[in-house]
$ cat run_14.cif   # mmCIF, C-alpha atoms
data_model
loop_
_atom_site.label_atom_id
_atom_site.label_comp_id
_atom_site.auth_asym_id
_atom_site.auth_seq_id
_atom_site.Cartn_x
_atom_site.Cartn_y
_atom_site.Cartn_z
CA MET W 1 28.00 36.17 3.72
CA LYS W 2 28.92 33.19 1.56
CA PRO W 3 26.24 30.49 1.32
CA LEU W 4 27.36 27.01 2.33
CA LEU W 5 26.21 24.70 -0.42
CA ASN W 6 25.48 21.04 0.23
CA THR W 7 26.07 17.94 -1.82
CA LEU W 8 23.14 15.64 -2.54
CA TYR W 9 24.30 12.01 -2.82
CA VAL W 10 21.97 9.61 -4.65
CA THR W 11 22.89 5.99 -3.93
CA ARG W 12 19.71 4.05 -4.72
CA PRO W 13 20.21 1.99 -7.90
CA ASP W 14 16.59 2.63 -8.93
CA GLY W 15 16.79 6.34 -8.04
CA LYS W 16 15.19 9.07 -10.13
CA VAL W 17 16.15 12.70 -9.70
CA ILE W 18 13.65 15.19 -11.07
CA LYS W 19 12.77 18.89 -10.91
CA GLU W 20 9.62 20.23 -9.34
CA GLY W 21 9.37 24.01 -9.19
CA GLU W 22 12.53 25.32 -7.56
CA THR W 23 13.32 21.99 -5.90
CA VAL W 24 15.09 18.71 -6.62
CA ILE W 25 13.20 15.53 -5.79
CA VAL W 26 14.74 12.07 -5.38
CA LEU W 27 12.35 9.19 -6.03
CA SER W 28 12.73 5.46 -5.51
CA GLY W 29 9.98 3.83 -7.49
CA ASP W 30 6.93 5.96 -6.63
CA GLU W 31 8.20 6.86 -3.16
CA LYS W 32 9.53 10.40 -2.60
CA LEU W 33 12.74 10.09 -0.59
CA ILE W 34 13.73 13.73 -0.32
CA GLN W 35 12.85 17.15 -1.69
CA VAL W 36 15.56 19.83 -1.54
CA PRO W 37 15.48 23.50 -2.63
CA ILE W 38 17.99 24.09 -5.44
CA HIS W 39 19.52 27.15 -3.77
CA THR W 40 20.91 24.95 -0.97
CA LEU W 41 22.82 22.65 -3.35
CA GLY W 42 26.28 22.96 -4.83
CA GLN W 43 26.30 19.59 -6.53
CA ILE W 44 24.46 16.31 -7.01
CA VAL W 45 26.47 13.07 -7.03
CA CYS W 46 24.89 9.89 -8.41
CA PHE W 47 26.47 6.55 -7.50
CA GLY W 48 25.62 4.04 -10.23
CA ILE W 49 24.83 4.13 -13.92
CA THR W 50 21.17 3.22 -13.44
CA ILE W 51 20.22 6.46 -11.67
CA TYR W 52 17.97 8.59 -13.87
CA VAL W 53 18.34 12.37 -13.89
CA SER W 54 15.69 14.19 -15.92
CA PRO W 55 16.83 16.51 -18.74
CA PRO W 56 14.77 19.43 -17.34
CA LEU W 57 16.64 19.02 -14.03
CA MET W 58 20.00 18.95 -15.85
CA ALA W 59 19.16 22.23 -17.62
CA PHE W 60 17.87 23.75 -14.37
CA CYS W 61 21.03 22.73 -12.49
CA ALA W 62 23.29 24.00 -15.28
CA ASP W 63 21.49 27.35 -15.16
CA ARG W 64 21.84 27.56 -11.36
CA GLY W 65 25.51 26.48 -11.21
CA VAL W 66 24.80 23.08 -9.63
CA SER W 67 26.99 20.32 -11.09
CA ILE W 68 25.76 16.75 -11.52
CA THR W 69 28.35 13.97 -11.32
CA TRP W 70 27.99 10.26 -12.05
CA LEU W 71 30.26 7.73 -10.36
CA THR W 72 30.31 3.94 -10.47
CA GLU W 73 29.02 2.12 -7.41
CA SER W 74 32.63 1.91 -6.20
CA GLY W 75 33.24 5.64 -6.72
CA ARG W 76 35.11 5.77 -10.06
CA PHE W 77 34.36 8.94 -12.04
CA LEU W 78 32.14 8.51 -15.10
CA ALA W 79 30.76 11.90 -16.19
CA ARG W 80 29.83 15.40 -15.09
CA VAL W 81 27.29 17.96 -16.26
CA GLU W 82 28.05 21.59 -15.49
CA GLY W 83 26.73 24.93 -16.62
CA ARG W 84 28.73 27.81 -17.98
CA ILE W 85 32.30 28.03 -16.84
CA LYS W 86 32.75 30.54 -14.07
CA GLY W 87 35.82 32.65 -13.79
CA ASN W 88 37.71 35.52 -15.24
CA VAL W 89 39.96 34.81 -18.20
CA LEU W 90 42.12 37.84 -17.41
CA LEU W 91 42.67 36.55 -13.88
CA ARG W 92 43.65 33.11 -15.20
CA ARG W 93 46.13 34.67 -17.66
CA GLU W 94 47.73 36.70 -14.87
CA GLN W 95 47.97 33.58 -12.70
CA HIS W 96 49.80 31.77 -15.53
CA ARG W 97 52.19 34.71 -15.86
CA TRP W 98 52.89 34.52 -12.13
CA ALA W 99 53.54 30.78 -12.38
CA ASP W 100 56.07 31.41 -15.17
CA SER W 101 57.93 34.05 -13.11
CA ASP W 102 60.36 32.48 -10.63
CA ASP W 103 60.24 35.45 -8.24
CA ARG W 104 56.46 35.63 -8.12
CA ALA W 105 56.07 31.84 -7.86
CA LEU W 106 58.56 31.81 -4.97
CA ALA W 107 56.61 34.55 -3.17
CA VAL W 108 53.38 32.57 -3.48
CA ALA W 109 55.10 29.36 -2.35
CA ARG W 110 56.57 31.16 0.68
CA ASN W 111 53.13 32.37 1.72
CA ILE W 112 51.66 28.87 1.37
CA VAL W 113 54.45 27.24 3.38
CA ALA W 114 54.27 29.93 6.08
CA ALA W 115 50.51 29.48 6.35
CA LYS W 116 50.89 25.70 6.70
CA ILE W 117 53.55 26.06 9.38
CA ASN W 118 51.43 28.58 11.27
CA ASN W 119 48.34 26.36 10.98
CA SER W 120 50.28 23.39 12.36
CA ARG W 121 51.55 25.53 15.22
CA ILE W 122 48.01 26.70 16.05
CA ASN W 123 46.75 23.11 16.04
CA LEU W 124 49.52 22.07 18.41
CA LEU W 125 48.76 25.02 20.70
CA ARG W 126 45.12 23.95 20.78
CA ARG W 127 46.22 20.43 21.76
CA LEU W 128 48.50 21.84 24.46
CA ARG W 129 45.52 23.54 26.14
CA SER W 130 44.17 20.12 27.12
CA GLY W 131 47.35 19.12 28.95
CA ASP W 132 51.03 19.86 29.43
CA ASP W 133 53.25 17.95 27.01
CA PRO W 134 56.92 18.96 26.83
CA TYR W 135 57.37 17.32 23.42
CA LEU W 136 54.49 19.29 21.91
CA GLN W 137 55.75 22.49 23.52
CA ALA W 138 59.15 21.93 21.89
CA GLN W 139 57.49 21.40 18.51
CA VAL W 140 55.48 24.62 18.89
CA GLU W 141 58.68 26.54 19.63
CA HIS W 142 60.42 24.89 16.68
CA LEU W 143 57.61 25.88 14.30
CA ALA W 144 57.62 29.43 15.68
CA ALA W 145 61.37 29.63 14.96
CA LEU W 146 60.82 28.37 11.39
CA LEU W 147 58.30 31.08 10.48
CA PRO W 148 60.77 34.00 10.18
CA ARG W 149 63.11 31.84 8.07
CA VAL W 150 60.36 31.19 5.51
#
$ encode --input "run_14.cif" --output "structure tokens"
Amino acid sequence: MKPLLNTLYVTRPDGKVIKEGETVIVLSGDEKLIQVPIHTLGQIVCFGITIYVSPPLMAFCADRGVSITWLTESGRFLARVEGRIKGNVLLRREQHRWADSDDRALAVARNIVAAKINNSRINLLRRLRSGDDPYLQAQVEHLAALLPRV
């Protein structure tokens, strides 16, 4: 089972984000706003340049694969701290080879387009269950006819 990781948004301009044991604590002045176990987080997003994140927390998050991102108050990207890069270099090289091959790239593109058409069709079918709509029914049939052509 894949864990669903949450994002912790820190929006207080005077916010402090620190580490205590295996948890992340957000403080505003001396008041503790929230305490979250690190294993439930996928990332921490700080809105504003005045938010303090302790260096021990940065190291802890980097070690646990939790990224920390700083944005301006209006949401423009400023910086990010991440741990070691995850991934398989051999997989990435093979993906680049596939992208350079017209036949393989076309096969991947066909699968993506077919999945999008099928997803749209399923969404329309779900909408049709709530009431009869001849226009939607025609669109469902049209999408079903497109699938074999892809």
$ resolve_selection --input "run_14.cif" --expression "the PyMOL selection byres ((chain W and resi 134-141) around 12)" --output "list in words"
Ile117, Asn118, Asn119, Ser120, Arg121, Ile122, Asn123, Leu124, Leu125, Arg126, Arg127, Leu128, Arg129, Ser130, Gly131, Asp132, Asp133, His142, Leu143, Ala144, Ala145, Leu146 and Leu147 of chain W
$ closest_residue --input "run_14.cif" --among "W:Leu5, W:Ile112, W:Ser67, W:Asp14" --to "Glu31 in chain W" --atoms "only C-alpha atoms"
W:Asp14
$ atom_distance --input "run_14.cif" --atom1 "CA of Gly29 in chain W" --atom2 "CA of Gly15 in chain W"
7.3 Å
$ closest_residue --input "run_14.cif" --among "W:Glu82, W:Ala109, W:Ala99, W:Thr7" --to "Gln43 in chain W" --atoms "all atoms listed in the file"
W:Thr7
$ residues_around --input "run_14.cif" --residues "Leu27 in chain W" --least-positions-apart "5" --cutoff "8 Å" --atoms "all atoms listed in the file" --output "list in words"
Gly15, Lys16, Val17, Ile18, Lys32, Leu33 and Ile34 of chain W
$ atom_distance --input "run_14.cif" --atom1 "CA of Arg64 in chain W" --atom2 "CA of Gly42 in chain W"
9.1 Å
$ residues_near_point --input "run_14.cif" --point "(22.8, 20.9, -17.0)" --cutoff "6 Å" --atoms "only C-alpha atoms" --output "PyMOL selection string"
chain W and resi 58-59+61-62+81-83
$ closest_residue --input "run_14.cif" --among "W:Asn6, W:Thr50, W:Asn88, W:Thr11" --to "Gly75 in chain W" --atoms "only C-alpha atoms"
W:Thr11
$ atom_distance --input "run_14.cif" --atom1 "CA of Ile49 in chain W" --atom2 "CA of Lys86 in chain W"
27.6 Å
$ residues_around --input "run_14.cif" --residues "Leu78 in chain W" --least-positions-apart "4" --cutoff "9 Å" --atoms "all atoms listed in the file" --output "MDAnalysis selection string"
chainID W and resid 49 69:72
$ residues_around --input "run_14.cif" --residues "Lys19 in chain W" --least-positions-apart "3" --cutoff "6 Å" --atoms "all atoms listed in the file" --output "ChimeraX atom specification"
/W:23-24,57
$ decode --input "run_14.cif" --residues "range 52-101 of chain W" --atoms "N, CA and C atoms" --output "PDB file, in the first residue's frame"
ATOM      1  N   TYR W  52      11.120  31.034   9.312  1.00  0.00           N
ATOM      2  CA  TYR W  52      12.370  30.387   9.715  1.00  0.00           C
ATOM      3  C   TYR W  52      12.189  28.877   9.737  1.00  0.00           C
ATOM      4  N   VAL W  53      13.112  28.171   9.098  1.00  0.00           N
ATOM      5  CA  VAL W  53      13.150  26.712   9.141  1.00  0.00           C
ATOM      6  C   VAL W  53      14.511  26.343   9.708  1.00  0.00           C
ATOM      7  N   SER W  54      14.517  25.599  10.800  1.00  0.00           N
ATOM      8  CA  SER W  54      15.786  25.290  11.472  1.00  0.00           C
ATOM      9  C   SER W  54      16.653  24.364  10.627  1.00  0.00           C
ATOM     10  N   PRO W  55      17.984  24.571  10.672  1.00  0.00           N
ATOM     11  CA  PRO W  55      18.889  23.675   9.934  1.00  0.00           C
ATOM     12  C   PRO W  55      18.757  22.203  10.343  1.00  0.00           C
ATOM     13  N   PRO W  56      18.574  21.871  11.644  1.00  0.00           N
ATOM     14  CA  PRO W  56      18.367  20.456  11.962  1.00  0.00           C
ATOM     15  C   PRO W  56      17.120  19.875  11.280  1.00  0.00           C
ATOM     16  N   LEU W  57      16.063  20.681  11.154  1.00  0.00           N
ATOM     17  CA  LEU W  57      14.870  20.201  10.457  1.00  0.00           C
ATOM     18  C   LEU W  57      15.161  20.004   8.974  1.00  0.00           C
ATOM     19  N   MET W  58      15.917  20.924   8.363  1.00  0.00           N
ATOM     20  CA  MET W  58      16.253  20.771   6.945  1.00  0.00           C
ATOM     21  C   MET W  58      17.008  19.458   6.714  1.00  0.00           C
ATOM     22  N   ALA W  59      17.989  19.164   7.558  1.00  0.00           N
ATOM     23  CA  ALA W  59      18.754  17.922   7.420  1.00  0.00           C
ATOM     24  C   ALA W  59      17.855  16.707   7.630  1.00  0.00           C
ATOM     25  N   PHE W  60      16.990  16.785   8.635  1.00  0.00           N
ATOM     26  CA  PHE W  60      16.061  15.700   8.940  1.00  0.00           C
ATOM     27  C   PHE W  60      15.130  15.440   7.758  1.00  0.00           C
ATOM     28  N   CYS W  61      14.578  16.518   7.188  1.00  0.00           N
ATOM     29  CA  CYS W  61      13.674  16.384   6.047  1.00  0.00           C
ATOM     30  C   CYS W  61      14.414  15.834   4.828  1.00  0.00           C
ATOM     31  N   ALA W  62      15.631  16.306   4.587  1.00  0.00           N
ATOM     32  CA  ALA W  62      16.414  15.820   3.457  1.00  0.00           C
ATOM     33  C   ALA W  62      16.669  14.326   3.600  1.00  0.00           C
ATOM     34  N   ASP W  63      16.940  13.887   4.810  1.00  0.00           N
ATOM     35  CA  ASP W  63      17.196  12.472   5.069  1.00  0.00           C
ATOM     36  C   ASP W  63      15.938  11.626   4.880  1.00  0.00           C
ATOM     37  N   ARG W  64      14.780  12.192   5.174  1.00  0.00           N
ATOM     38  CA  ARG W  64      13.510  11.454   5.085  1.00  0.00           C
ATOM     39  C   ARG W  64      12.789  11.649   3.758  1.00  0.00           C
ATOM     40  N   GLY W  65      13.365  12.404   2.829  1.00  0.00           N
ATOM     41  CA  GLY W  65      12.735  12.596   1.519  1.00  0.00           C
ATOM     42  C   GLY W  65      11.600  13.600   1.522  1.00  0.00           C
ATOM     43  N   VAL W  66      11.587  14.509   2.492  1.00  0.00           N
ATOM     44  CA  VAL W  66      10.558  15.552   2.561  1.00  0.00           C
ATOM     45  C   VAL W  66      11.168  16.841   2.033  1.00  0.00           C
ATOM     46  N   SER W  67      10.606  17.395   0.956  1.00  0.00           N
ATOM     47  CA  SER W  67      11.159  18.626   0.396  1.00  0.00           C
ATOM     48  C   SER W  67      10.598  19.834   1.139  1.00  0.00           C
ATOM     49  N   ILE W  68      11.391  20.898   1.172  1.00  0.00           N
ATOM     50  CA  ILE W  68      10.965  22.167   1.762  1.00  0.00           C
ATOM     51  C   ILE W  68      11.057  23.208   0.658  1.00  0.00           C
ATOM     52  N   THR W  69       9.964  23.934   0.430  1.00  0.00           N
ATOM     53  CA  THR W  69       9.897  24.925  -0.636  1.00  0.00           C
ATOM     54  C   THR W  69       9.527  26.276  -0.054  1.00  0.00           C
ATOM     55  N   TRP W  70      10.202  27.332  -0.536  1.00  0.00           N
ATOM     56  CA  TRP W  70       9.863  28.691  -0.151  1.00  0.00           C
ATOM     57  C   TRP W  70       9.260  29.400  -1.344  1.00  0.00           C
ATOM     58  N   LEU W  71       8.123  30.065  -1.091  1.00  0.00           N
ATOM     59  CA  LEU W  71       7.441  30.865  -2.097  1.00  0.00           C
ATOM     60  C   LEU W  71       7.256  32.265  -1.544  1.00  0.00           C
ATOM     61  N   THR W  72       7.098  33.250  -2.427  1.00  0.00           N
ATOM     62  CA  THR W  72       6.749  34.586  -1.953  1.00  0.00           C
ATOM     63  C   THR W  72       5.321  34.531  -1.416  1.00  0.00           C
ATOM     64  N   GLU W  73       4.887  35.608  -0.797  1.00  0.00           N
ATOM     65  CA  GLU W  73       3.528  35.663  -0.267  1.00  0.00           C
ATOM     66  C   GLU W  73       2.491  35.472  -1.370  1.00  0.00           C
ATOM     67  N   SER W  74       2.852  35.868  -2.602  1.00  0.00           N
ATOM     68  CA  SER W  74       1.916  35.723  -3.719  1.00  0.00           C
ATOM     69  C   SER W  74       2.073  34.393  -4.452  1.00  0.00           C
ATOM     70  N   GLY W  75       3.027  33.544  -4.028  1.00  0.00           N
ATOM     71  CA  GLY W  75       3.144  32.214  -4.587  1.00  0.00           C
ATOM     72  C   GLY W  75       4.247  32.015  -5.615  1.00  0.00           C
ATOM     73  N   ARG W  76       5.114  33.033  -5.822  1.00  0.00           N
ATOM     74  CA  ARG W  76       6.216  32.866  -6.778  1.00  0.00           C
ATOM     75  C   ARG W  76       7.319  32.035  -6.142  1.00  0.00           C
ATOM     76  N   PHE W  77       7.860  31.092  -6.900  1.00  0.00           N
ATOM     77  CA  PHE W  77       8.887  30.175  -6.402  1.00  0.00           C
ATOM     78  C   PHE W  77      10.163  30.927  -6.051  1.00  0.00           C
ATOM     79  N   LEU W  78      10.744  30.608  -4.891  1.00  0.00           N
ATOM     80  CA  LEU W  78      12.014  31.187  -4.477  1.00  0.00           C
ATOM     81  C   LEU W  78      13.122  30.136  -4.385  1.00  0.00           C
ATOM     82  N   ALA W  79      12.883  29.075  -3.616  1.00  0.00           N
ATOM     83  CA  ALA W  79      13.930  28.068  -3.402  1.00  0.00           C
ATOM     84  C   ALA W  79      13.308  26.759  -2.947  1.00  0.00           C
ATOM     85  N   ARG W  80      14.141  25.699  -3.006  1.00  0.00           N
ATOM     86  CA  ARG W  80      13.700  24.382  -2.552  1.00  0.00           C
ATOM     87  C   ARG W  80      14.897  23.657  -1.958  1.00  0.00           C
ATOM     88  N   VAL W  81      14.641  22.920  -0.891  1.00  0.00           N
ATOM     89  CA  VAL W  81      15.655  22.055  -0.292  1.00  0.00           C
ATOM     90  C   VAL W  81      15.141  20.632  -0.412  1.00  0.00           C
ATOM     91  N   GLU W  82      15.964  19.767  -1.005  1.00  0.00           N
ATOM     92  CA  GLU W  82      15.591  18.367  -1.165  1.00  0.00           C
ATOM     93  C   GLU W  82      16.769  17.503  -0.782  1.00  0.00           C
ATOM     94  N   GLY W  83      16.483  16.265  -0.463  1.00  0.00           N
ATOM     95  CA  GLY W  83      17.530  15.307  -0.148  1.00  0.00           C
ATOM     96  C   GLY W  83      18.110  14.718  -1.419  1.00  0.00           C
ATOM     97  N   ARG W  84      18.648  13.544  -1.275  1.00  0.00           N
ATOM     98  CA  ARG W  84      19.249  12.856  -2.423  1.00  0.00           C
ATOM     99  C   ARG W  84      18.215  12.653  -3.514  1.00  0.00           C
ATOM    100  N   ILE W  85      18.678  12.708  -4.732  1.00  0.00           N
ATOM    101  CA  ILE W  85      17.797  12.514  -5.874  1.00  0.00           C
ATOM    102  C   ILE W  85      17.404  11.047  -5.944  1.00  0.00           C
ATOM    103  N   LYS W  86      16.097  10.832  -6.057  1.00  0.00           N
ATOM    104  CA  LYS W  86      15.585   9.476  -6.180  1.00  0.00           C
ATOM    105  C   LYS W  86      15.516   9.127  -7.659  1.00  0.00           C
ATOM    106  N   GLY W  87      15.602   7.879  -7.943  1.00  0.00           N
ATOM    107  CA  GLY W  87      15.423   7.455  -9.314  1.00  0.00           C
ATOM    108  C   GLY W  87      16.517   6.517  -9.760  1.00  0.00           C
ATOM    109  N   ASN W  88      16.338   6.007 -10.928  1.00  0.00           N
ATOM    110  CA  ASN W  88      17.231   5.032 -11.496  1.00  0.00           C
ATOM    111  C   ASN W  88      17.792   5.606 -12.784  1.00  0.00           C
ATOM    112  N   VAL W  89      19.100   5.816 -12.818  1.00  0.00           N
ATOM    113  CA  VAL W  89      19.713   6.432 -13.987  1.00  0.00           C
ATOM    114  C   VAL W  89      19.539   5.570 -15.234  1.00  0.00           C
ATOM    115  N   LEU W  90      19.549   4.252 -15.065  1.00  0.00           N
ATOM    116  CA  LEU W  90      19.352   3.376 -16.220  1.00  0.00           C
ATOM    117  C   LEU W  90      17.945   3.515 -16.789  1.00  0.00           C
ATOM    118  N   LEU W  91      16.965   3.668 -15.900  1.00  0.00           N
ATOM    119  CA  LEU W  91      15.586   3.887 -16.347  1.00  0.00           C
ATOM    120  C   LEU W  91      15.480   5.200 -17.110  1.00  0.00           C
ATOM    121  N   ARG W  92      16.097   6.252 -16.582  1.00  0.00           N
ATOM    122  CA  ARG W  92      16.044   7.560 -17.260  1.00  0.00           C
ATOM    123  C   ARG W  92      16.698   7.485 -18.642  1.00  0.00           C
ATOM    124  N   ARG W  93      17.818   6.784 -18.757  1.00  0.00           N
ATOM    125  CA  ARG W  93      18.490   6.654 -20.056  1.00  0.00           C
ATOM    126  C   ARG W  93      17.595   5.923 -21.051  1.00  0.00           C
ATOM    127  N   GLU W  94      16.933   4.868 -20.588  1.00  0.00           N
ATOM    128  CA  GLU W  94      16.034   4.122 -21.478  1.00  0.00           C
ATOM    129  C   GLU W  94      14.850   4.992 -21.902  1.00  0.00           C
ATOM    130  N   GLN W  95      14.342   5.807 -20.986  1.00  0.00           N
ATOM    131  CA  GLN W  95      13.244   6.708 -21.333  1.00  0.00           C
ATOM    132  C   GLN W  95      13.682   7.719 -22.395  1.00  0.00           C
ATOM    133  N   HIS W  96      14.901   8.206 -22.312  1.00  0.00           N
ATOM    134  CA  HIS W  96      15.409   9.133 -23.329  1.00  0.00           C
ATOM    135  C   HIS W  96      15.558   8.422 -24.679  1.00  0.00           C
ATOM    136  N   ARG W  97      16.004   7.179 -24.652  1.00  0.00           N
ATOM    137  CA  ARG W  97      16.094   6.412 -25.902  1.00  0.00           C
ATOM    138  C   ARG W  97      14.710   6.252 -26.536  1.00  0.00           C
ATOM    139  N   TRP W  98      13.718   5.970 -25.713  1.00  0.00           N
ATOM    140  CA  TRP W  98      12.348   5.824 -26.220  1.00  0.00           C
ATOM    141  C   TRP W  98      11.862   7.135 -26.819  1.00  0.00           C
ATOM    142  N   ALA W  99      12.181   8.245 -26.174  1.00  0.00           N
ATOM    143  CA  ALA W  99      11.742   9.547 -26.679  1.00  0.00           C
ATOM    144  C   ALA W  99      12.397   9.865 -28.018  1.00  0.00           C
ATOM    145  N   ASP W 100      13.604   9.363 -28.247  1.00  0.00           N
ATOM    146  CA  ASP W 100      14.305   9.611 -29.510  1.00  0.00           C
ATOM    147  C   ASP W 100      13.840   8.685 -30.628  1.00  0.00           C
ATOM    148  N   SER W 101      13.159   7.597 -30.296  1.00  0.00           N
ATOM    149  CA  SER W 101      12.659   6.653 -31.293  1.00  0.00           C
ATOM    150  C   SER W 101      11.222   7.026 -31.657  1.00  0.00           C
TER     151      SER W 101
END
